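Have a look at target.txt; it's compact mmCIF, C-alpha atoms:
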```
# COMPACT_ATOMS: atom_id res chain seq x y z
CA MET I 1 0.00 0.00 0.00
CA ILE I 2 2.98 2.31 0.53
CA GLY I 3 5.37 3.00 -2.34
CA THR I 4 9.15 3.15 -2.16
CA HIS I 5 9.11 6.86 -3.03
CA ALA I 6 6.81 7.53 -0.09
CA LYS I 7 9.07 5.56 2.29
CA ASP I 8 12.11 7.44 1.05
CA SER I 9 10.31 10.80 1.26
CA ILE I 10 9.05 10.19 4.80
CA GLU I 11 12.54 9.13 5.88
CA ARG I 12 14.14 12.28 4.38
CA ILE I 13 11.46 14.48 5.95
CA PHE I 14 12.10 12.84 9.32
CA PHE I 15 15.88 13.22 9.01
CA ALA I 16 15.54 16.92 8.23
CA ALA I 17 13.07 17.48 11.07
CA ALA I 18 15.19 15.55 13.61
CA ARG I 19 18.40 17.38 12.63
CA THR I 20 16.81 20.78 13.20
CA ARG I 21 14.26 20.18 15.95
CA LEU I 22 15.72 17.53 18.26
CA VAL I 23 18.81 19.62 18.99
CA THR I 24 18.93 22.41 21.55
CA ASP I 25 21.45 24.35 19.45
CA ALA I 26 21.45 24.65 15.67
CA GLN I 27 25.22 23.96 15.69
CA HIS I 28 24.78 20.56 17.35
CA GLY I 29 25.02 17.51 15.18
CA CYS I 30 22.42 14.79 14.92
CA GLU I 31 23.66 11.48 13.53
CA ILE I 32 20.93 9.15 12.38
CA ALA I 33 21.45 5.48 11.55
CA PRO I 34 18.73 3.06 10.44
CA ARG I 35 18.27 0.07 12.75
CA VAL I 36 17.11 -3.42 12.01
CA GLY I 37 14.24 -4.56 14.22
CA GLU I 38 11.94 -2.59 16.43
CA ALA I 39 13.53 -2.98 19.85
CA ALA I 40 13.21 -0.05 22.24
CA GLN I 41 16.27 2.18 22.69
CA GLY I 42 15.26 3.66 26.01
CA GLU I 43 12.88 3.19 28.87
CA HIS I 44 10.49 5.96 27.80
CA LEU I 45 8.54 6.74 24.66
CA VAL I 46 6.97 9.91 23.35
CA VAL I 47 4.40 9.23 20.67
CA LEU I 48 2.87 11.68 18.19
CA THR I 49 0.47 11.10 15.30
CA ILE I 50 -0.09 12.87 12.00
CA SER I 51 -3.41 11.88 10.46
CA SER I 52 -4.82 12.35 6.99
CA MET I 53 -7.65 10.79 5.03
CA GLN I 54 -5.21 8.39 3.34
CA PHE I 55 -2.86 7.45 6.14
CA ARG I 56 -1.67 8.00 9.69
CA LEU I 57 1.94 8.36 10.66
CA LEU I 58 3.18 7.68 14.17
CA LEU I 59 6.47 9.09 15.34
CA LEU I 60 7.77 7.31 18.43
CA LEU I 61 10.83 8.81 20.08
CA HIS I 62 12.66 6.62 22.60
CA PHE I 63 14.83 8.06 25.35
CA GLU I 64 16.51 7.06 28.57
CA ASP I 65 16.00 9.13 31.71
CA ASP I 66 19.76 9.32 32.37
CA GLU I 67 22.10 12.08 33.40
CA ARG I 68 23.33 13.13 29.92
CA THR I 69 19.82 13.23 28.46
CA GLN I 70 18.65 15.26 31.47
CA ARG I 71 21.61 17.64 31.05
CA TYR I 72 20.98 18.10 27.33
CA TYR I 73 17.20 18.61 27.33
CA VAL I 74 16.46 19.95 30.82
CA GLY I 75 19.69 21.73 31.74
CA ASP I 76 19.27 23.71 34.92
CA ALA I 77 15.50 24.00 34.64
CA ALA I 78 13.39 22.45 37.38
CA ARG I 79 11.29 20.39 35.03
CA GLU I 80 10.63 16.76 34.23
CA LEU I 81 12.70 15.29 31.39
CA THR I 82 9.59 13.76 29.80
CA GLU I 83 7.83 17.12 29.79
CA CYS I 84 10.84 18.86 28.14
CA PHE I 85 11.41 16.05 25.65
CA MET I 86 7.74 16.10 24.64
CA GLU I 87 8.20 19.72 23.53
CA PHE I 88 11.13 18.76 21.31
CA GLY I 89 9.16 15.80 19.95
CA ASN I 90 6.27 18.13 19.24
CA LEU I 91 8.55 20.50 17.28
CA CYS I 92 10.04 17.60 15.33
CA CYS I 93 6.64 16.17 14.41
CA GLY I 94 5.37 19.68 13.61
CA ALA I 95 8.22 20.14 11.12
CA MET I 96 7.31 16.83 9.49
CA ASN I 97 3.67 17.90 9.38
CA GLN I 98 4.61 21.15 7.62
CA GLN I 99 6.48 19.20 4.97
CA LEU I 100 3.76 16.61 4.50
CA VAL I 101 1.02 19.24 4.19
CA GLU I 102 2.67 20.29 0.91
CA HIS I 103 1.60 16.92 -0.50
CA PHE I 104 -1.52 16.22 1.59
CA PRO I 105 -3.59 19.36 2.17
CA ASP I 106 -5.83 17.74 4.78
CA LEU I 107 -3.63 16.88 7.73
CA GLY I 108 -3.89 17.10 11.49
CA MET I 109 -1.37 16.49 14.24
CA SER I 110 -1.93 15.17 17.74
CA THR I 111 -0.45 16.39 20.98
CA PRO I 112 2.47 14.30 22.32
CA TYR I 113 1.87 11.52 24.80
CA ALA I 114 4.35 9.68 27.01
CA LEU I 115 4.32 5.89 27.21
CA SER I 116 6.55 3.16 28.53
CA SER I 117 8.84 1.57 25.95
CA GLY I 118 7.19 -1.74 26.92
CA CYS I 119 4.40 -0.63 24.58
CA LEU I 120 6.66 -0.64 21.53
CA PRO I 121 6.39 -4.37 20.69
CA TYR I 122 2.63 -3.89 20.26
CA LEU I 123 3.03 -1.45 17.39
CA ARG I 124 2.18 -4.34 15.06
CA GLU I 125 -1.32 -4.37 16.58
CA LEU I 126 -1.98 -1.23 14.51
CA LYS I 127 -1.37 -3.29 11.34
CA PRO I 128 1.16 -0.84 9.92
CA ASP I 129 2.31 -0.91 6.29
CA TYR I 130 5.72 0.51 7.10
CA VAL I 131 7.79 0.48 10.27
CA GLN I 132 11.37 1.69 10.44
CA SER I 133 13.57 2.35 13.46
CA TYR I 134 16.60 4.62 13.76
CA ALA I 135 19.33 5.24 16.29
CA LEU I 136 20.08 8.93 16.88
CA THR I 137 23.13 10.47 18.49
CA ILE I 138 22.70 14.11 19.43
CA ASP I 139 25.80 16.28 19.79
CA HIS I 140 28.00 13.13 19.89
CA ASP I 141 26.63 12.32 23.33
CA VAL I 142 22.91 11.84 23.84
CA ARG I 143 21.46 8.62 22.47
CA LEU I 144 17.88 8.50 21.32
CA GLY I 145 15.77 6.10 19.30
CA ALA I 146 13.02 6.78 16.81
CA THR I 147 10.43 4.63 15.10
CA LEU I 148 8.34 5.71 12.14
CA CYS I 149 5.13 3.77 11.67
CA VAL I 150 2.76 4.38 8.74
CA CYS I 151 -0.71 2.84 8.48
CA THR I 152 -2.49 3.42 5.16
CA GLN I 153 -6.08 3.12 4.02
CA ALA I 154 -5.26 3.72 0.33
CA PRO I 155 -2.19 3.30 -1.89
CA LEU I 156 0.31 5.93 -0.82
CA ASP I 157 3.22 7.23 -2.85
CA PHE I 158 4.70 10.67 -3.26
CA VAL I 159 8.06 12.32 -3.82
CA ALA I 160 9.18 15.07 -1.46
CA SER I 161 11.59 17.40 -3.18
CA SER I 162 14.97 17.60 -1.44
CA ALA I 163 15.23 21.29 -2.30
CA ALA I 164 11.89 22.01 -0.59
CA ILE I 165 12.95 20.05 2.53
CA GLU I 166 16.25 21.93 2.71
CA ALA I 167 14.51 25.27 2.15
CA HIS I 168 12.12 24.43 4.95
CA ASP I 169 14.99 23.51 7.26
CA SER I 170 16.69 26.83 6.61
CA ALA I 171 13.43 28.67 7.27
CA GLY I 172 13.07 26.70 10.51
CA GLU I 173 16.56 27.66 11.59
CA LEU I 174 15.79 31.30 10.90
CA GLU I 175 12.57 31.01 12.91
CA LEU I 176 14.47 29.53 15.84
CA PHE I 177 17.11 32.22 15.49
CA MET R 1 -59.31 132.31 -106.08
CA ALA R 2 -55.81 133.16 -106.86
CA GLY R 3 -55.03 132.93 -103.32
CA VAL R 4 -56.44 129.55 -103.17
CA ALA R 5 -54.38 128.64 -106.16
CA VAL R 6 -51.31 129.89 -104.47
CA VAL R 7 -52.03 128.18 -101.23
CA LEU R 8 -53.21 125.02 -102.66
CA PRO R 9 -49.85 123.56 -103.64
CA TYR R 10 -48.68 124.35 -100.26
CA LEU R 11 -51.65 122.71 -98.87
CA ILE R 12 -51.16 119.76 -101.09
CA GLU R 13 -47.47 119.61 -100.25
CA GLY R 14 -48.37 119.96 -96.65
CA ALA R 15 -50.95 117.33 -96.95
CA ALA R 16 -48.44 115.13 -98.73
CA LEU R 17 -45.96 115.83 -96.07
CA VAL R 18 -48.53 115.11 -93.49
CA ALA R 19 -49.47 111.97 -95.33
CA LEU R 20 -45.83 111.09 -95.66
CA ALA R 21 -45.24 111.80 -92.11
CA ALA R 22 -48.29 109.82 -91.23
CA GLY R 23 -47.09 107.05 -93.48
CA ALA R 24 -43.64 107.24 -92.01
CA ALA R 25 -45.15 107.31 -88.60
CA ALA R 26 -47.29 104.34 -89.45
CA VAL R 27 -44.30 102.52 -90.83
CA TRP R 28 -42.26 103.45 -87.81
CA HIS R 29 -45.11 102.51 -85.60
CA LYS R 30 -45.52 99.22 -87.34
CA ARG R 31 -41.82 98.62 -87.21
CA ALA R 32 -41.87 99.50 -83.62
CA GLN R 33 -44.79 97.20 -83.08
CA THR R 34 -42.98 94.44 -84.97
CA GLN R 35 -39.87 95.05 -82.93
CA ALA R 36 -41.90 95.05 -79.79
CA ARG R 37 -43.66 91.89 -80.83
CA ASP R 38 -40.37 90.29 -81.72
CA ALA R 39 -38.97 91.38 -78.43
CA ALA R 40 -42.06 90.05 -76.68
CA LEU R 41 -41.76 86.85 -78.58
CA ALA R 42 -38.10 86.64 -77.71
CA ARG R 43 -38.95 87.29 -74.11
CA ASP R 44 -41.70 84.72 -74.24
CA ALA R 45 -39.31 82.25 -75.78
CA ALA R 46 -36.76 83.06 -73.12
CA HIS R 47 -39.40 82.74 -70.44
CA ALA R 48 -40.59 79.49 -71.91
CA ALA R 49 -37.04 78.21 -72.00
CA ALA R 50 -36.47 79.39 -68.47
CA LEU R 51 -39.77 77.89 -67.44
CA ALA R 52 -38.91 74.60 -69.11
CA GLN R 53 -35.53 74.67 -67.45
CA ALA R 54 -37.14 75.46 -64.11
CA GLN R 55 -39.71 72.75 -64.65
CA ALA R 56 -36.98 70.29 -65.55
CA ARG R 57 -35.02 71.34 -62.52
CA TYR R 58 -38.14 71.09 -60.42
CA ALA R 59 -38.90 67.67 -61.82
CA ALA R 60 -35.33 66.59 -61.13
CA GLN R 61 -35.55 67.99 -57.63
CA GLN R 62 -38.86 66.26 -57.12
CA GLU R 63 -37.38 63.06 -58.40
CA GLU R 64 -34.39 63.50 -56.06
CA ALA R 65 -36.70 64.34 -53.20
CA ALA R 66 -38.80 61.27 -53.97
CA ARG R 67 -35.65 59.17 -54.05
CA GLU R 68 -34.47 60.63 -50.78
CA HIS R 69 -37.90 60.16 -49.31
CA GLY R 70 -37.85 56.54 -50.40
CA ALA R 71 -34.38 56.07 -48.94
CA LEU R 72 -35.40 57.76 -45.72
CA ALA R 73 -38.54 55.67 -45.51
CA ALA R 74 -36.45 52.54 -46.01
CA GLN R 75 -34.01 53.75 -43.40
CA ILE R 76 -36.84 54.52 -40.99
CA GLU R 77 -38.24 51.07 -41.61
CA SER R 78 -34.84 49.54 -41.04
CA LEU R 79 -34.36 51.59 -37.88
CA ARG R 80 -37.78 50.56 -36.68
CA ALA R 81 -36.90 46.92 -37.29
CA GLU R 82 -33.58 47.41 -35.53
CA LEU R 83 -35.31 49.17 -32.65
CA ALA R 84 -37.76 46.32 -32.35
CA GLN R 85 -34.93 43.84 -32.40
CA ARG R 86 -32.98 45.80 -29.82
CA ARG R 87 -36.06 46.11 -27.68
CA SER R 88 -36.52 42.37 -27.92
CA VAL R 89 -32.83 41.82 -27.01
CA ALA R 90 -33.15 44.34 -24.16
CA ASP R 91 -36.23 42.51 -22.88
CA ALA R 92 -34.38 39.21 -23.09
CA LEU R 93 -31.36 40.74 -21.33
CA GLU R 94 -33.57 42.22 -18.66
CA ALA R 95 -35.21 38.85 -18.14
CA ALA R 96 -31.76 37.23 -18.02
CA LEU R 97 -30.56 39.91 -15.60
CA ALA R 98 -33.56 39.31 -13.37
CA GLY R 99 -32.76 35.59 -13.51
CA GLU R 100 -29.11 36.26 -12.73
CA ARG R 101 -30.10 38.51 -9.83
CA ALA R 102 -32.25 35.72 -8.47
CA HIS R 103 -29.36 33.25 -8.92
CA HIS R 104 -27.01 35.79 -7.34
CA ASP R 105 -29.25 36.24 -4.31
CA ASP R 106 -29.62 32.49 -4.05
CA ALA R 107 -25.82 32.05 -4.25
CA MET R 108 -25.35 34.68 -1.54
CA GLN R 109 -27.80 32.89 0.69
CA GLN R 110 -26.06 29.58 0.01
CA ALA R 111 -22.63 31.08 0.78
CA ALA R 112 -23.97 32.57 4.00
CA ARG R 113 -25.54 29.22 4.92
CA ILE R 114 -22.28 27.33 4.26
CA ALA R 115 -20.33 29.86 6.36
CA SER R 116 -22.86 29.52 9.14
CA GLU R 117 -22.77 25.69 8.97
CA ALA R 118 -18.96 25.69 8.95
CA ALA R 119 -18.91 28.02 11.96
CA ARG R 120 -21.42 25.81 13.74
CA LEU R 121 -19.47 22.63 12.96
CA LYS R 122 -16.34 24.20 14.41
CA LEU R 123 -18.03 23.78 17.76
CA MET R 124 -17.30 20.07 17.40
CA SER R 125 -13.92 20.92 18.91
CA SER R 126 -15.72 20.64 22.25
CA THR R 127 -16.47 17.01 21.33
CA PHE R 128 -12.76 16.45 20.69
CA GLU R 129 -12.03 18.04 24.05
CA ARG R 130 -14.45 15.59 25.66
CA TRP R 131 -12.73 12.65 23.95
CA HIS R 132 -9.40 14.04 25.10
CA GLU R 133 -10.56 14.19 28.71
CA GLN R 134 -11.94 10.67 28.48
CA MET R 135 -8.71 9.36 26.97
CA ILE R 136 -6.69 11.04 29.73
CA SER R 137 -9.01 9.44 32.26
CA LEU R 138 -8.63 6.03 30.56
CA MET R 139 -4.85 6.35 30.45
CA ALA R 140 -4.81 7.43 34.13
CA GLN R 141 -6.79 4.29 34.93
CA ASN R 142 -4.28 2.21 32.93
CA ASN R 143 -1.42 3.83 34.87
CA ASP R 144 -3.20 3.01 38.11
CA MET R 145 -3.55 -0.61 36.97
CA HIS R 146 0.17 -0.63 36.06
CA LYS R 147 1.00 0.51 39.59
CA LYS R 148 -1.31 -2.05 41.20
CA ASN R 149 0.14 -4.76 39.01
CA GLN R 150 3.65 -3.73 39.99
CA GLU R 151 2.60 -3.89 43.63
CA LEU R 152 1.07 -7.32 43.04
CA SER R 153 4.24 -8.43 41.27
CA SER R 154 6.30 -7.21 44.21
CA ILE R 155 4.05 -9.10 46.66
CA VAL R 156 4.26 -12.24 44.52
CA SER R 157 8.07 -11.97 44.42
CA HIS R 158 8.04 -11.65 48.19
CA VAL R 159 5.74 -14.68 48.52
CA LEU R 160 8.12 -16.60 46.26
CA ILE R 161 11.06 -15.75 48.51
CA VAL R 162 9.01 -16.64 51.60
CA SER R 163 8.01 -19.98 50.04
CA LEU R 164 11.65 -20.70 49.21
CA ASN R 165 12.62 -19.89 52.80
CA ALA R 166 9.78 -22.12 54.03
CA SER R 167 11.05 -24.97 51.85
CA ILE R 168 14.57 -24.51 53.28
CA GLU R 169 13.22 -24.47 56.86
CA ALA R 170 11.07 -27.53 56.12
CA ALA R 171 14.13 -29.37 54.80
CA ARG R 172 16.02 -28.49 58.01
CA ALA R 173 13.18 -29.91 60.09
CA GLY R 174 13.72 -33.29 58.37
CA ALA R 175 10.87 -35.82 58.48
CA ALA R 176 8.80 -33.56 60.74
CA GLY R 177 8.91 -30.84 58.14
CA ARG R 178 7.92 -33.00 55.17
CA GLY R 179 4.28 -31.92 55.23
CA PHE R 180 5.30 -28.30 55.60
CA SER R 181 7.70 -28.72 52.67
CA ILE R 182 4.81 -29.85 50.47
CA VAL R 183 2.78 -26.77 51.51
CA ALA R 184 5.77 -24.49 50.87
CA GLY R 185 6.20 -26.07 47.42
CA GLU R 186 2.54 -25.45 46.60
CA VAL R 187 2.85 -21.85 47.73
CA ARG R 188 5.95 -21.46 45.53
CA THR R 189 4.07 -22.93 42.55
CA LEU R 190 1.16 -20.54 43.14
CA ALA R 191 3.56 -17.58 43.49
CA THR R 192 5.30 -18.55 40.25
CA ARG R 193 1.95 -18.78 38.44
CA SER R 194 0.93 -15.42 39.94
CA GLN R 195 4.19 -13.92 38.72
CA GLU R 196 3.54 -15.17 35.20
CA LEU R 197 0.00 -13.86 35.37
CA SER R 198 1.25 -10.48 36.57
CA LYS R 199 3.74 -10.34 33.67
CA SER R 200 0.99 -11.24 31.22
CA TYR R 201 -1.25 -8.58 32.78
CA ARG R 202 1.55 -6.00 32.44
CA ASP R 203 1.94 -6.91 28.75
CA SER R 204 -1.81 -6.54 28.24
CA LEU R 205 -1.71 -3.13 29.87
CA ASN R 206 1.21 -2.07 27.63
CA ARG R 207 -0.70 -3.28 24.59
CA ASN R 208 -3.76 -1.44 25.83
CA ASP R 209 -1.74 1.75 26.39
CA LEU R 210 -0.33 1.76 22.89
CA ILE R 211 -3.62 1.03 21.15
CA THR R 212 -5.53 3.53 23.31
CA ALA R 213 -2.93 6.30 22.82
CA ALA R 214 -2.61 5.65 19.06
CA THR R 215 -6.38 5.53 18.58
CA PHE R 216 -6.94 8.64 20.61
CA GLN R 217 -4.16 10.51 18.81
CA ASP R 218 -5.67 9.49 15.47
CA ILE R 219 -9.03 10.89 16.62
CA GLN R 220 -7.37 14.04 17.95
CA ALA R 221 -5.32 14.63 14.79
CA GLY R 222 -8.33 13.77 12.61
CA GLY R 223 -10.36 16.29 14.58
CA LYS R 224 -7.76 18.97 13.95
CA MET R 225 -7.76 18.06 10.25
CA ILE R 226 -11.56 18.43 10.14
CA ALA R 227 -11.40 21.71 12.08
CA ALA R 228 -8.77 23.08 9.66
CA THR R 229 -10.86 21.99 6.67
CA LEU R 230 -13.96 23.61 8.15
CA ALA R 231 -12.04 26.83 8.78
CA SER R 232 -10.95 26.77 5.15
CA VAL R 233 -14.56 26.18 3.99
CA GLU R 234 -15.75 29.01 6.22
CA ALA R 235 -13.08 31.39 4.89
CA SER R 236 -13.88 30.43 1.27
CA SER R 237 -17.61 30.94 1.75
CA HIS R 238 -16.98 34.32 3.41
CA GLN R 239 -14.75 35.26 0.48
CA LEU R 240 -17.44 34.12 -1.98
CA HIS R 241 -20.09 36.11 -0.10
CA THR R 242 -17.91 39.24 -0.20
CA GLN R 243 -17.28 38.79 -3.93
CA LEU R 244 -21.00 38.32 -4.61
CA GLU R 245 -21.80 41.46 -2.62
CA ALA R 246 -19.16 43.42 -4.54
CA THR R 247 -20.59 42.12 -7.83
CA ARG R 248 -24.10 43.20 -6.82
CA ALA R 249 -22.88 46.62 -5.70
CA GLY R 250 -21.06 47.00 -9.04
CA ALA R 251 -24.15 45.96 -10.99
CA GLN R 252 -26.35 48.41 -9.09
CA ALA R 253 -23.86 51.25 -9.66
```
Show me, as structure tokens, the structure contained in the file I just sent.
Amino acid sequence: MIGTHAKDSIERIFFAAARTRLVTDAQHGCEIAPRVGEAAQGEHLVVLTISSMQFRLLLLLHFEDDERTQRYYVGDAARELTECFMEFGNLCCGAMNQQLVEHFPDLGMSTPYALSSGCLPYLRELKPDYVQSYALTIDHDVRLGATLCVCTQAPLDFVASSAAIEAHDSAGELELF
Amino acid sequence: MAGVAVVLPYLIEGAALVALAAGAAAVWHKRAQTQARDAALARDAAHAAALAQAQARYAAQQEEAAREHGALAAQIESLRAELAQRRSVADALEAALAGERAHHDDAMQQAARIASEAARLKLMSSTFERWHEQMISLMAQNNDMHKKNQELSSIVSHVLIVSLNASIEAARAGAAGRGFSIVAGEVRTLATRSQELSKSYRDSLNRNDLITAATFQDIQAGGKMIAATLASVEASSHQLHTQLEATRAGAQA
């Protein structure tokens, strides 16, 4: 139900969104490597959904509540790591939504929700057409995981232009600046 | 008598002269009459010629006037026909305009109705809010069940340790503890089964969490999609209404 162009486009959109929105500083790097299997890469999950009439896309971000992740996302603030990380997840998914809306005019995005990573093995219960996991390293230090899950109701294929994604990233950086 | 003889020639000469003069006068008079008649004739001829010329000119003018009259009559007829045609076209246009005005008013009413419906349907966001609250409540209940299950799992682990200790103590007691050893073994078996059940329950809760969260998020995102679409429909119908009003104002001006 989902074409190879769509898989590739969604992956590139996610990469661009993660590189600009999951970092606390635009200068920080974000290395992304595809992973085989769907094992959790942290104790906690933040899940977000983008829905359209043709498909729904779930973005699941995995993280560990450890000292380096706390330091990177919370810093000196007196806040919960999950709460802070949900904001970054929301920005990342929002950037993906903005890219996807260029191809699918009717889209909506959920608010983020925190789950235990024990839920991850049950992703298959949603009968997805495409599931892909990635390992992310932020600023050479913080390790995160991500899983993209797409469930379709109709054949889905589209090509996201690389130039448009890059232009959007630059605009996002300017907005943050 | 002599005097008469003397005078007589003179009288005769005078009479001759008188006669001559009378003759000359008659001739002159006749010539004059002839000249006058000739002149009158010449004048008559000139008049006749002038009259004929005038008549010819008049006839030509009449002919020209008749031609012009004919042309004008034809033109008037043509103009009348054109006027009738234009009147007919104007009537048709007026009828069409009245029809268009009716359509226009109908379209304005429709646009206003769509805008009103879209605005009304936007209130469905309160329904999404209700679903959101219910989902939060459901997830809170799931979290509570997770905690209770963890507590149960902790108790079961403790029971397992206690049953192991009981088995050890029963073994120390030797033959006297044999019966107690069997009870301790049963308790350990039950604790192990409870532990498995607790693990299975935890898995079910995790499965439930994921499906509930994913389903709710799909509803929430779908709701936002519908709300955005309705806002777009509302904006378009407002735009259409404004355009129709501007068109009507332009037509009236």
Practice item. Return as number ranges by chain the residues belonging to chain R that are within 10 Å of chain I, counting all atoms listed in the file. Key: R: 136, 139, 143, 202-211, 213-229
Lys7 (chain I) proximity check over I:Glu83, I:Asp66, I:Asp129, I:Asp76, using all atoms listed in the file: winner is I:Asp129
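The spacing separating CA of Gln33 (chain R) from CA of Ala45 (chain R) amounts to 17.5 Å.
Minimum atom-to-atom distances from I:Phe104, I:Leu148, I:Thr24, I:Val46 to Val74 (chain I) were compared using only C-alpha atoms, and the lowest value belongs to I:Thr24.
Using only C-alpha atoms, the nearest neighbour of Gly94 (chain I) within the list I:Ser133, I:Thr20, I:Gln41, I:Thr82 is I:Thr20.
Considering the residues I:His44, I:Ala160, I:Pro34, I:Cys149 and counting all atoms listed in the file, Gln98 (chain I) has its shortest atom-to-atom contact with I:Ala160.
For the atom pair formed by CA of Asp139 (chain I) and CA of His28 (chain I), the distance is 5.0 Å, given to one decimal.
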Exercise for the section: Show which residues sit within 9 Å of Val159 (chain R), as a PyMOL selection string. Count all atoms listed in the file, and ignore same-chain residues fewer than 4 positions away. Expected result: chain R and resi 154-155+163-164+187-188+191
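A straight line drawn from CA of Leu121 (chain R) to CA of Val233 (chain R) is 10.8 Å long.
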Extract, using only C-alpha atoms, all DNA, RNA and protein residues at most 8 Å from Leu91 (chain I), discarding same-chain residues fewer than 4 positions from it, and format them as a PyMOL selection string. chain I and resi 21-22+87+95
Exercise for the section: Can you pull out every residue within 8 Å of Lys122 (chain R), counting all atoms listed in the file, but drop anything in the same chain fewer than 4 positions away, and send it as a PyMOL selection string? Expected result: chain R and resi 118+227+230-231
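In terms of minimum interatomic distance to Leu152 (chain R), R:Gln195 ranks closest within R:Gln62, R:Gln35, R:Asn165, R:Gln195, counting all atoms listed in the file.
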Where's the centre, and what are the edge lengths in Å to one decimal, of a box along x, y and z enclosing all listed atoms of region 184-199 of chain R padded 6 Å per side, as AutoDock Vina command-line options?
```
--center_x 3.1 --center_y -18.2 --center_z 42.3 --size_x 18.2 --size_y 27.7 --size_z 29.2
```
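In this comparison, which uses only C-alpha atoms, the residue of R:Ser153, R:Thr247, R:Ser78, R:Thr212 approaching His132 (chain R) most closely is R:Thr212.
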Show which residues sit within 12 Å of Ile32 (chain I), as a PDB file with C-alpha atoms, in the frame of the given file. Count only C-alpha atoms, and ignore same-chain residues fewer than 6 positions away.
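Below is the file result-v2.pdb, written as the result:
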```pdb
ATOM      1  CA  GLU I  11      12.540   9.130   5.880  1.00  0.00           C
ATOM      2  CA  ARG I  12      14.140  12.280   4.380  1.00  0.00           C
ATOM      3  CA  PHE I  14      12.100  12.840   9.320  1.00  0.00           C
ATOM      4  CA  PHE I  15      15.880  13.220   9.010  1.00  0.00           C
ATOM      5  CA  ALA I  16      15.540  16.920   8.230  1.00  0.00           C
ATOM      6  CA  ALA I  17      13.070  17.480  11.070  1.00  0.00           C
ATOM      7  CA  ALA I  18      15.190  15.550  13.610  1.00  0.00           C
ATOM      8  CA  ARG I  19      18.400  17.380  12.630  1.00  0.00           C
ATOM      9  CA  LEU I  22      15.720  17.530  18.260  1.00  0.00           C
ATOM     10  CA  SER I 133      13.570   2.350  13.460  1.00  0.00           C
ATOM     11  CA  TYR I 134      16.600   4.620  13.760  1.00  0.00           C
ATOM     12  CA  ALA I 135      19.330   5.240  16.290  1.00  0.00           C
ATOM     13  CA  LEU I 136      20.080   8.930  16.880  1.00  0.00           C
ATOM     14  CA  THR I 137      23.130  10.470  18.490  1.00  0.00           C
ATOM     15  CA  ILE I 138      22.700  14.110  19.430  1.00  0.00           C
ATOM     16  CA  ASP I 139      25.800  16.280  19.790  1.00  0.00           C
ATOM     17  CA  HIS I 140      28.000  13.130  19.890  1.00  0.00           C
ATOM     18  CA  VAL I 142      22.910  11.840  23.840  1.00  0.00           C
ATOM     19  CA  ARG I 143      21.460   8.620  22.470  1.00  0.00           C
ATOM     20  CA  LEU I 144      17.880   8.500  21.320  1.00  0.00           C
ATOM     21  CA  GLY I 145      15.770   6.100  19.300  1.00  0.00           C
ATOM     22  CA  ALA I 146      13.020   6.780  16.810  1.00  0.00           C
ATOM     23  CA  THR I 147      10.430   4.630  15.100  1.00  0.00           C
TER      24      THR I 147
END
```
Find the residues around Ile2 (chain I) up to 9 Å (all atoms listed in the file counted), leave out those fewer than 4 positions away in its own chain, and share them as a list of chain:residue names.
-> I:Ala6, I:Lys7, I:Asp129, I:Tyr130, I:Val150, I:Cys151, I:Thr152, I:Ala154, I:Pro155, I:Leu156, I:Asp157
